[in-house]
Amino acid sequence: MSNHAERNLLHAYLDDELDLVRSMDLEDHLAQCGDCAHEVASYRALREAVSAADLRYEVPAEFRSRLMAELKEVDRPQAVTVIRHRRAPWWSWATVAACVLIAASAFVLDLRHRAPDTLASEVVADHVRSLMATHITDVVTSDQHTVKPWFNGKLDFSPQVRDLSADGFDLVGGRLDYVDGHNAAAVVYQRRKHMINVFSWIASGSDEEPRVTAQQGYNVIAWKTGGMEYSAVSDLNRQELSELVSLLRK
Amino acid sequence: MQNSADSAEKIARFEAVVLPHLNAAYNVARWMTRNTADAEDIAQEAMLRAFRFFDTFRGEDGRVWLLTIVRNTYLTWVRRQVPQQNSAEFDERLHTDIEAALTPEGEVLRQATSEQVRRAIENLPPEFREVILMRELEQLSYKEIAAVTQTPLGTVMSRLSRGRSMLRQLIARQRQTEVKHHV
């Protein structure tokens, strides 16, 4: 036989993923083609070996109970930090301390009827956490046409994702986050080594012009437009961060 | 504001829909990172994220939904690792081997030990390892694998096909070298 069955089809056949007609066509072919039949027999043996092998890892009991404790801890809408307990290199204590400080300051400010700075503290904490934990982005790509659809179905709004690479801001990716009691989109840009989180969520109230604040060595620019609230956070200098904000507002 | 009744309900729903798949989440993380410490980190991170974003869960398959988050968390982790960790040199050899390889006999494969199968899977390049695991260990359908990996069905099929071809070679080669050592 010169026309062998397509490799992908052999596997789909073995996995029961072919419809009846194609499955029967393939069986006809296997009856006549020794090479393809040999191939199928070999893969069938492979699958037997794989399913006979002990491949499943047990979830360590100690890990499971630690995780359950973490989950209970995290179920607080205003919780600002998620402190990770495993392995503690020297720098992690410093970051944890910083986060606790930020969290504490957010809490104190909260008592004073949520001064605008509370929000800045929270987005700074979110920004720091995104850098500290291994989750700056859930979707990693420089293509805005990949990032934007990624948010579909994950949020009840469609966040703004722009290609600003020509202006020196590279799109790194996107992430889901939680800000000020709302599900928020975090779109991540980068200039040189500086990561920039642009948070957006559905806002109430009228439009507000960009307002710049500084918190813990990070610049925060917040504004409201078209029913959305935005906060851009970075250790990038104020001027360049403002430049990004004006580009985003164009 | 979330009241405590809502909160209790959320926990209960999360425990019913997502938590049963912790083992699947941990296994994907464990096989992809190839070590316990990083697997725990990734599984934990993913579960916490799943919990925080459980409000966005629209009643689709809980396992597919969770594994998608695990995979995204893993990819972010990979980006932070030193490049070339995935033994690129070895992969090159693998790819060229496949072109010339003969079909290993069924008997050779069937006699493979658990250890040989595990080692062979661990040595697969990650994009092939993940589809093999999702198919063979988690028994996900092609459609579900496409959903978790956010790749077209055709890509899933060709990765599975190439992945199995490499796996077969790796197992057969291990058996050959071990037989030689014994002689």
# chains A, B, ... in the order shown; residues from 1 in each chain; ligands from 1
>>> interface_residues(of="chain B", to="chain A", cutoff="7 Å", atoms="only C-alpha atoms", output="PyMOL selection string")
chain B and resi 23+26-27+44+48+56+72-73+76-77+103-106+109-110+112-114+117-118+136+157-158+161+168
>>> write_last_selection(atoms="C-alpha atoms", output="tab-separated table (two decimals), in the first residue's frame")
chain	number	residue	atom	x	y	z
B	23	ASN	CA	-5.32	15.65	42.54
B	26	TYR	CA	-1.31	18.60	41.49
B	27	ASN	CA	-0.42	15.87	38.99
B	44	GLN	CA	-1.28	26.23	45.58
B	48	LEU	CA	-5.93	30.24	45.34
B	56	THR	CA	-16.26	34.03	37.03
B	72	ASN	CA	-1.38	29.28	32.99
B	73	THR	CA	0.27	29.35	36.39
B	76	THR	CA	4.20	31.95	34.16
B	77	TRP	CA	6.56	29.89	36.31
B	103	THR	CA	8.33	1.05	14.68
B	104	PRO	CA	9.20	-0.61	17.98
B	105	GLU	CA	7.68	-4.03	18.44
B	106	GLY	CA	4.70	-4.28	20.75
B	109	LEU	CA	6.91	-1.75	24.79
B	110	ARG	CA	4.62	-4.01	26.79
B	112	ALA	CA	8.51	-1.70	29.95
B	113	THR	CA	8.58	-1.13	33.69
B	114	SER	CA	6.74	1.67	35.48
B	117	VAL	CA	7.62	4.72	31.36
B	118	ARG	CA	7.91	7.48	33.95
B	136	GLU	CA	-3.31	9.10	29.33
B	157	MET	CA	-3.87	15.80	17.54
B	158	SER	CA	-0.48	16.34	15.99
B	161	SER	CA	0.79	11.83	17.60
B	168	ARG	CA	7.76	4.97	22.09
>>> residues_around(residues="B:Gln150", least_positions_apart="6", cutoff="10 Å", atoms="only C-alpha atoms", output="list in words")
Trp150 of chain A; Thr68, Arg71, Glu144 and Val156 of chain B
>>> write_last_selection(atoms="C-alpha atoms", output="PDB file, in the first residue's frame")
ATOM      1  CA  TRP A 150      -8.540  35.851  26.780  1.00  0.00           C
TER       2      TRP A 150
ATOM      3  CA  THR B  68      -6.522  25.772  32.502  1.00  0.00           C
ATOM      4  CA  ARG B  71      -1.417  25.474  33.093  1.00  0.00           C
ATOM      5  CA  GLU B 144     -11.060  19.111  26.572  1.00  0.00           C
ATOM      6  CA  VAL B 156      -3.660  18.732  19.950  1.00  0.00           C
TER       7      VAL B 156
END
>>> closest_residue(among="A:Cys33, A:Val179, A:Leu26, A:Leu236", to="A:Leu119", atoms="only C-alpha atoms")
A:Val179
>>> closest_residue(among="B:Ala8, B:Leu170, B:Ala39, B:Leu102", to="B:Val70", atoms="only C-alpha atoms")
B:Ala39
>>> atom_distance(atom1="atom CA of A:Gly173", atom2="atom CA of A:Tyr189")
7.3 Å
>>> closest_residue(among="A:Ile196, A:Ala37, A:Ala125, A:Ala5", to="A:Gln215", atoms="only C-alpha atoms")
A:Ala125
